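Taking it in order: structure first as structure tokens, then the write-up.
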Amino acid sequence: MNASRSEILSKIRLSLARPRREHHHGHNAVTNDIRKLFASASSHENLVQTFKQEFERVSGEFHHCSNGDAVVHSIKDLITSAGSKHIAVSRHALCERLNVRERLAAVLPDAIFVDESIDGENPFERERLQKEMAQVQFSITGVDYLMAETGTALLVSGKQASRQISLLPSIHLFLASPNQIYPNMAEVFLELQERHGNHLPGNALTLITGPSRTADIEKVLIKGVHGPTRLIGLMVELQD
Amino acid sequence: MKLTPRLFKSYASRNISNPRLRKTYRFATHHALEKRLQVVHEVPEWEALRDRAHTIKEQTIDQLDHYLEKLESNVVANGGQVFWARDGKEACEHILEIAERIHARTVVKSKSMTTEEIGLSHVLEENKLDPVETDLGEYIIQLAHEWPSHITAPALHKTRGEVGALFAEKLGIPYTDVPEELCEVARKILRGKFLSAELGISGVNFALADTGTIVIVENEGNARLSTTLPKVHIAVMGLEKVIPTASDLPIFLRLLARSSTGQKQTSYVSLISGPRKAGELDGPDEFHLIILDNGRTEILKDPKARESLFCIRCGACLNTCPIYQRVGGHSYGSVYSGPIGAVITPLFQGVDVAKDLPYASSLCGACTNICPVKIDIHHMLLWLRKQVVDSGGTPWLERVAMKLYLAGMKDSVLYGFGSRLLRLILKASGKANASWTVPGWTETREFPPLAEKSFKTLWRERQQEEQHL
Amino acid sequence: MKVSLFIPCLTDQFFPRVGINVYKILKKAGVDVDYPEAQTCCGQPAFNSGYHAEAIELAQRFLQIFRNSEYIVSPSGSCTSMVKIFYPEILEQTQLQEQLHEITSKIYEFSDFLVNVLGITDLGVSFPHKVTYHDACHLLRELKIKQAPRDLIRQVRGIELVEMDRSEDCCGFGGTFSVKYPEISTAMVEDKAAAIVQTGAEYVVANDSSCLMQIDGYLRRNHMAAKPIHLADLLGENL
């Protein structure tokens, strides 16, 4: 704790002893219920359709698969047409369940796969992973939540995926299932609160809405600045 | 150009008569407003969201000490470290200490108005570090040795040709003005920096007190890279950025991107609660949060000024301000420009230094109208004008004129007399219908003649007529 | 029903017909009208420049002069805003809260009064011209009046109302701003004039003489065709 801390805090307390007067510039009755504030985006109908629409609107590429073979096939095609050689696959539940890495390795014999099953506590392992990931052109992960209103994916970093796997490669593909889609961000955060109380499920959560972009030069929209140039979403509807 | 609001009048005068600059600003601001309108129309709850956001900010500021302490304890519980800095000097010194300890050489910075405010990059450079601005707009102005001309679009004032020439000169590449190509150049150069930097410095859009989390909103991915790859991450936040809970965040996020860039959501929002957690495969070894005062507690002192601390730095007020649209961000001589800049710059630097800013407004209220957290910006400008007057910052001639005006207005007999006398004089000198010369007006506009008879006179005549009927 | 006229100093000295026309319109609407002659200025020029002491004196005077009025009606959005919105701010520390509340609850800008208090939009007026309408800032953003003037205009026989691009953009007057920052003020009215001309309207209508003064000043200097007209004049001269 530093000395400035007590100085700043006591200045704050002193200042706040003088109360603000009532603000009278026409504020409506304020609702505490966050759901009311998202009412227009709260429908649970056609979530996949809404998500697809919004996802594509932000230049996400949406695909639909109904079984493991189709998933592997689609990804293989995407990798091949992109000419990617270095591939990373996360250990998200859906990726593991569909055995994505092994099955892809089988159909892409020339590809080099980066394995995220390192010992996270070992700094040398972590350094090695970072160096390898810097070469990766195409990564495949799962997601933790999706938000239909904005076409957003939420990824929590942890054993299941590093922070960088959805960031360094120029193409990022995520697998998701329809039951991961929530109507909007408020619903997701309510769910997070429900499940984890006053903690977030990890020290790094990332909300991803489309590929990386900028409009810093004359408002010209350019995709793929520092983060991925392409974001692909594969909706997997398994039959069980 | 010197970074001082004292020079507003001369900067504004110069910039407004630069046609290329006018065109650039006009296009950029109108474009932003159009995009915003599209996405705001889609949200029927927009006004309710604004009200709620305002209230959350209000309630938070009213218990700011409590929420900052809560934030600190939760960041520490998550494995982070917290440093409180009274001013920019303290913050920069602390950052230098950390940089020295970890033998940092390259520092990657993501876009942060707060670090611009404290001139961090200059301090790092002076101390032989290599601070690299990684946001494309910030990278551009770093190369150009300029300060940002807009809160969210720092290189708004530059044309593609100017960026092309800049890159050619500073990076030694063949000239191109194709934005995609310029971007590709920046991407390649900066990717190398991200991978080799020992230290990453970011700002903070929101800090969640209950979970001990900082939130960074961006489109490019440079903030994610700056806060993920280097071994040490330092986040600098103005102490007003804290909000009570994670559940409040969606409200602000629904307002921010729509107001700022006309997107429903920016490409990335990072919620960082600490360094690499046990079990994580990457992430910084150290996470430092610097809670910065630098004049904010002074602003807190005056209840009327506090609302300026609600600002979420969306830049919408800049886009809609008819003055900003025409004089541009650099005219304000402060990293914070536009309407909110005209409020906080005098509050941060003193009304004596920034006394022109509150008057550089027609008080149209478009800023207040557009502000997602409903800050009464134009009313605050009015209140700041009072501060300027009270501190003796207005010309003595004007003060005398006000006294005369008051004398004339509070005595209707004197007013009526003066009104008739003026007309007599004009008639006698044959100038009754002549054009007036009004300095500041008649150079560019016709000034109307005084009416032959005032309303008061016409009224009396009419009453007399009606009585005789 | 009795209405007291509140005629801004600018109107009194430069555009008195506006005041006469408000009177005529209200009489036609069947209302009794008086004009407390002691009135001079609401204090806005002082307040807007940061001179609160002077503004407070004039505000107190205003409250006195109009204390017995049933309604107060003014042809100026900015002056009405001064009383309704800003008097409560500058008189906050005084003991005048009751008188203040009395006054602020009975003061109206004239189009607002006609449409929303008297319920009148049709005055039987004819004005067969193409017009466009400028949203004065105080009227629009402080008093939140946007529809009432348009409702009145639409009922005028033979009139064609064309909305201009960016009708809500400020004309650049802003009181002393217009002379303190003449380049910016002129740049703003330049765009406003261009928008007016683009509609092909013969007249630009507004509810604030200060806006009209600014717009007219530029149109005349640049020999542009459109003619500014206050809504009160448009209605009152053709009753």
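Residue names in the structure tokens use chain letters A, B, ... in the order shown, residue numbers from 1 in each chain, and ligand numbers from 1 in the order shown.
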Would you pick out the contacts of Met380 (chain B) at 8 Å or less, using only C-alpha atoms, so that residues sharing its chain but fewer than 2 positions from it are not included, and give the list as a PyMOL selection string?
chain B and resi 304-305+343+376-378+382-384
I need the chain B residues near chain A as a ChimeraX atom specification; criterion: at most 6 Å, counting only C-alpha atoms.
/B:45,52,65,84,86,137,187,210-211,219-222,247,250,267-274,279-282,297,300-301,303
Please produce an output containing N, CA and C atoms for each residue in the selection, written as a PDB file, in the first residue's frame.
ATOM      1  N   GLU B  45     -35.140   0.490 -26.094  1.00  0.00           N
ATOM      2  CA  GLU B  45     -34.845   0.778 -24.687  1.00  0.00           C
ATOM      3  C   GLU B  45     -33.760   1.840 -24.511  1.00  0.00           C
ATOM      4  N   ARG B  52     -30.421   4.523 -16.863  1.00  0.00           N
ATOM      5  CA  ARG B  52     -29.860   3.543 -15.926  1.00  0.00           C
ATOM      6  C   ARG B  52     -28.352   3.731 -15.805  1.00  0.00           C
ATOM      7  N   ASP B  65     -15.126   5.991  -2.833  1.00  0.00           N
ATOM      8  CA  ASP B  65     -14.081   5.399  -1.994  1.00  0.00           C
ATOM      9  C   ASP B  65     -14.375   3.916  -1.736  1.00  0.00           C
ATOM     10  N   TRP B  84      -1.765   3.302  -6.270  1.00  0.00           N
ATOM     11  CA  TRP B  84      -2.551   4.535  -6.353  1.00  0.00           C
ATOM     12  C   TRP B  84      -1.609   5.688  -6.683  1.00  0.00           C
ATOM     13  N   ARG B  86      -1.181   9.780  -7.253  1.00  0.00           N
ATOM     14  CA  ARG B  86      -1.814  11.093  -7.063  1.00  0.00           C
ATOM     15  C   ARG B  86      -1.850  11.888  -8.365  1.00  0.00           C
ATOM     16  N   GLY B 137      -4.507   4.093 -35.268  1.00  0.00           N
ATOM     17  CA  GLY B 137      -4.616   5.543 -35.192  1.00  0.00           C
ATOM     18  C   GLY B 137      -3.549   6.148 -34.294  1.00  0.00           C
ATOM     19  N   ARG B 187       0.523  -3.869 -39.461  1.00  0.00           N
ATOM     20  CA  ARG B 187       0.309  -5.173 -38.845  1.00  0.00           C
ATOM     21  C   ARG B 187       1.618  -5.951 -38.734  1.00  0.00           C
ATOM     22  N   ASP B 210     -16.874  -5.626  -8.038  1.00  0.00           N
ATOM     23  CA  ASP B 210     -17.208  -6.869  -7.327  1.00  0.00           C
ATOM     24  C   ASP B 210     -16.335  -8.054  -7.727  1.00  0.00           C
ATOM     25  N   THR B 211     -15.857  -8.069  -8.972  1.00  0.00           N
ATOM     26  CA  THR B 211     -15.056  -9.212  -9.401  1.00  0.00           C
ATOM     27  C   THR B 211     -13.571  -8.860  -9.520  1.00  0.00           C
ATOM     28  N   ASN B 219     -11.324  -2.754 -31.259  1.00  0.00           N
ATOM     29  CA  ASN B 219     -11.660  -3.417 -32.518  1.00  0.00           C
ATOM     30  C   ASN B 219     -10.475  -4.134 -33.163  1.00  0.00           C
ATOM     31  N   GLU B 220      -9.283  -3.647 -32.891  1.00  0.00           N
ATOM     32  CA  GLU B 220      -8.142  -4.136 -33.673  1.00  0.00           C
ATOM     33  C   GLU B 220      -7.521  -5.413 -33.146  1.00  0.00           C
ATOM     34  N   GLY B 221      -7.577  -5.627 -31.860  1.00  0.00           N
ATOM     35  CA  GLY B 221      -6.910  -6.781 -31.267  1.00  0.00           C
ATOM     36  C   GLY B 221      -5.573  -6.418 -30.650  1.00  0.00           C
ATOM     37  N   ASN B 222      -5.172  -5.150 -30.801  1.00  0.00           N
ATOM     38  CA  ASN B 222      -3.877  -4.758 -30.245  1.00  0.00           C
ATOM     39  C   ASN B 222      -3.884  -4.719 -28.723  1.00  0.00           C
ATOM     40  N   SER B 247     -22.574  -7.357 -13.561  1.00  0.00           N
ATOM     41  CA  SER B 247     -23.899  -7.324 -14.201  1.00  0.00           C
ATOM     42  C   SER B 247     -24.257  -5.944 -14.731  1.00  0.00           C
ATOM     43  N   PRO B 250     -23.075  -5.100 -19.138  1.00  0.00           N
ATOM     44  CA  PRO B 250     -23.836  -5.163 -20.396  1.00  0.00           C
ATOM     45  C   PRO B 250     -24.567  -3.870 -20.733  1.00  0.00           C
ATOM     46  N   SER B 267     -15.239  -5.426 -31.886  1.00  0.00           N
ATOM     47  CA  SER B 267     -14.740  -6.781 -32.160  1.00  0.00           C
ATOM     48  C   SER B 267     -14.307  -7.511 -30.902  1.00  0.00           C
ATOM     49  N   TYR B 268     -13.662  -6.782 -29.998  1.00  0.00           N
ATOM     50  CA  TYR B 268     -13.180  -7.462 -28.789  1.00  0.00           C
ATOM     51  C   TYR B 268     -13.511  -6.680 -27.533  1.00  0.00           C
ATOM     52  N   VAL B 269     -13.920  -7.409 -26.510  1.00  0.00           N
ATOM     53  CA  VAL B 269     -14.020  -6.840 -25.173  1.00  0.00           C
ATOM     54  C   VAL B 269     -13.287  -7.816 -24.265  1.00  0.00           C
ATOM     55  N   SER B 270     -12.245  -7.323 -23.606  1.00  0.00           N
ATOM     56  CA  SER B 270     -11.460  -8.196 -22.725  1.00  0.00           C
ATOM     57  C   SER B 270     -11.816  -7.926 -21.283  1.00  0.00           C
ATOM     58  N   LEU B 271     -12.059  -8.980 -20.538  1.00  0.00           N
ATOM     59  CA  LEU B 271     -12.316  -8.858 -19.106  1.00  0.00           C
ATOM     60  C   LEU B 271     -11.129  -9.520 -18.391  1.00  0.00           C
ATOM     61  N   ILE B 272     -10.278  -8.684 -17.863  1.00  0.00           N
ATOM     62  CA  ILE B 272      -9.045  -9.178 -17.254  1.00  0.00           C
ATOM     63  C   ILE B 272      -9.113  -8.995 -15.752  1.00  0.00           C
ATOM     64  N   SER B 273      -8.997 -10.096 -15.038  1.00  0.00           N
ATOM     65  CA  SER B 273      -9.137 -10.015 -13.587  1.00  0.00           C
ATOM     66  C   SER B 273      -7.824 -10.211 -12.845  1.00  0.00           C
ATOM     67  N   GLY B 274      -6.767 -10.483 -13.582  1.00  0.00           N
ATOM     68  CA  GLY B 274      -5.496 -10.695 -12.885  1.00  0.00           C
ATOM     69  C   GLY B 274      -4.468 -11.259 -13.843  1.00  0.00           C
ATOM     70  N   GLY B 279      -3.504 -22.913 -13.892  1.00  0.00           N
ATOM     71  CA  GLY B 279      -4.316 -23.674 -14.839  1.00  0.00           C
ATOM     72  C   GLY B 279      -4.318 -23.039 -16.212  1.00  0.00           C
ATOM     73  N   GLU B 280      -4.096 -21.719 -16.268  1.00  0.00           N
ATOM     74  CA  GLU B 280      -4.061 -21.048 -17.575  1.00  0.00           C
ATOM     75  C   GLU B 280      -2.768 -21.389 -18.310  1.00  0.00           C
ATOM     76  N   LEU B 281      -2.853 -21.380 -19.619  1.00  0.00           N
ATOM     77  CA  LEU B 281      -1.720 -21.783 -20.447  1.00  0.00           C
ATOM     78  C   LEU B 281      -0.871 -20.605 -20.896  1.00  0.00           C
ATOM     79  N   ASP B 282      -1.389 -19.409 -20.702  1.00  0.00           N
ATOM     80  CA  ASP B 282      -0.620 -18.199 -21.043  1.00  0.00           C
ATOM     81  C   ASP B 282      -1.182 -17.044 -20.249  1.00  0.00           C
ATOM     82  N   THR B 297      -9.968  14.040  -8.049  1.00  0.00           N
ATOM     83  CA  THR B 297     -10.526  14.308  -6.726  1.00  0.00           C
ATOM     84  C   THR B 297     -10.845  15.799  -6.584  1.00  0.00           C
ATOM     85  N   LEU B 300     -14.200  16.159  -8.002  1.00  0.00           N
ATOM     86  CA  LEU B 300     -15.194  15.622  -7.071  1.00  0.00           C
ATOM     87  C   LEU B 300     -15.641  16.660  -6.055  1.00  0.00           C
ATOM     88  N   LYS B 301     -14.727  17.571  -5.715  1.00  0.00           N
ATOM     89  CA  LYS B 301     -15.000  18.557  -4.661  1.00  0.00           C
ATOM     90  C   LYS B 301     -16.264  19.348  -4.932  1.00  0.00           C
ATOM     91  N   PRO B 303     -19.836  19.604  -6.269  1.00  0.00           N
ATOM     92  CA  PRO B 303     -20.936  18.733  -6.668  1.00  0.00           C
ATOM     93  C   PRO B 303     -21.406  18.985  -8.094  1.00  0.00           C
TER      94      PRO B 303
END
Pull the closest atom pair for each residue of chain C that gets at most 12 Å from chain A, along with the distance in Å to one decimal, counting only C-alpha atoms, ordering rows by chain and then ascending residue number, as a Markdown table.
| residue | atom | partner | partner_atom | distance |
| --- | --- | --- | --- | --- |
| C:Lys84 | CA | A:His25 | CA | 11.8 |
| C:Ile85 | CA | A:His25 | CA | 8.9 |
| C:Phe86 | CA | A:His25 | CA | 11.0 |
| C:Pro88 | CA | A:His24 | CA | 10.1 |
| C:Glu89 | CA | A:His24 | CA | 10.0 |
| C:Glu92 | CA | A:Arg21 | CA | 10.5 |
| C:Gln93 | CA | A:Arg21 | CA | 11.9 |
| C:Arg141 | CA | A:His25 | CA | 11.3 |
| C:Glu142 | CA | A:His25 | CA | 9.4 |
| C:Leu143 | CA | A:Gly26 | CA | 11.0 |
| C:Lys144 | CA | A:Gly26 | CA | 10.8 |
Running DSSP on the backbone, which parts of region 69-173 of chain C land in strand (DSSP E), as a ChimeraX atom specification?
/C:71-74,107-109,130-133,160-161
Determine which residues of chain B sit within 6 Å of chain C, taking into account only C-alpha atoms, and present them as a ChimeraX atom specification.
/B:362,364,385-386,389,409,412,440-441,445-447,450-451,454-455
Nearest to Thr50 (chain A) among A:Phe174, A:Tyr182, A:Phe113, A:Phe138, with distances taken over only C-alpha atoms: which residue is it?
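Looking at the shortest contact to Thr50 (chain A), the residue is A:Tyr182.
Of the listed residues (A:Ala70, A:Met147, A:His196, A:Leu234), A:Met147 comes nearest to Pro183 (chain A); the distances count only C-alpha atoms.
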Report the distance between CA of Cys65 (chain A) and CA of Ser90 (chain A) in Å, rounded to one decimal place.
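For CA of Cys65 (chain A) relative to CA of Ser90 (chain A), the distance reads 19.0 Å.
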Name the residues in contact with region 195-203 of chain B at a cut-off of 8 Å, using only C-alpha atoms, excluding same-chain residues fewer than 2 positions from it; report them as a ChimeraX atom specification.
/B:99,102-115,191-193,205,216,223,226-227,229-237
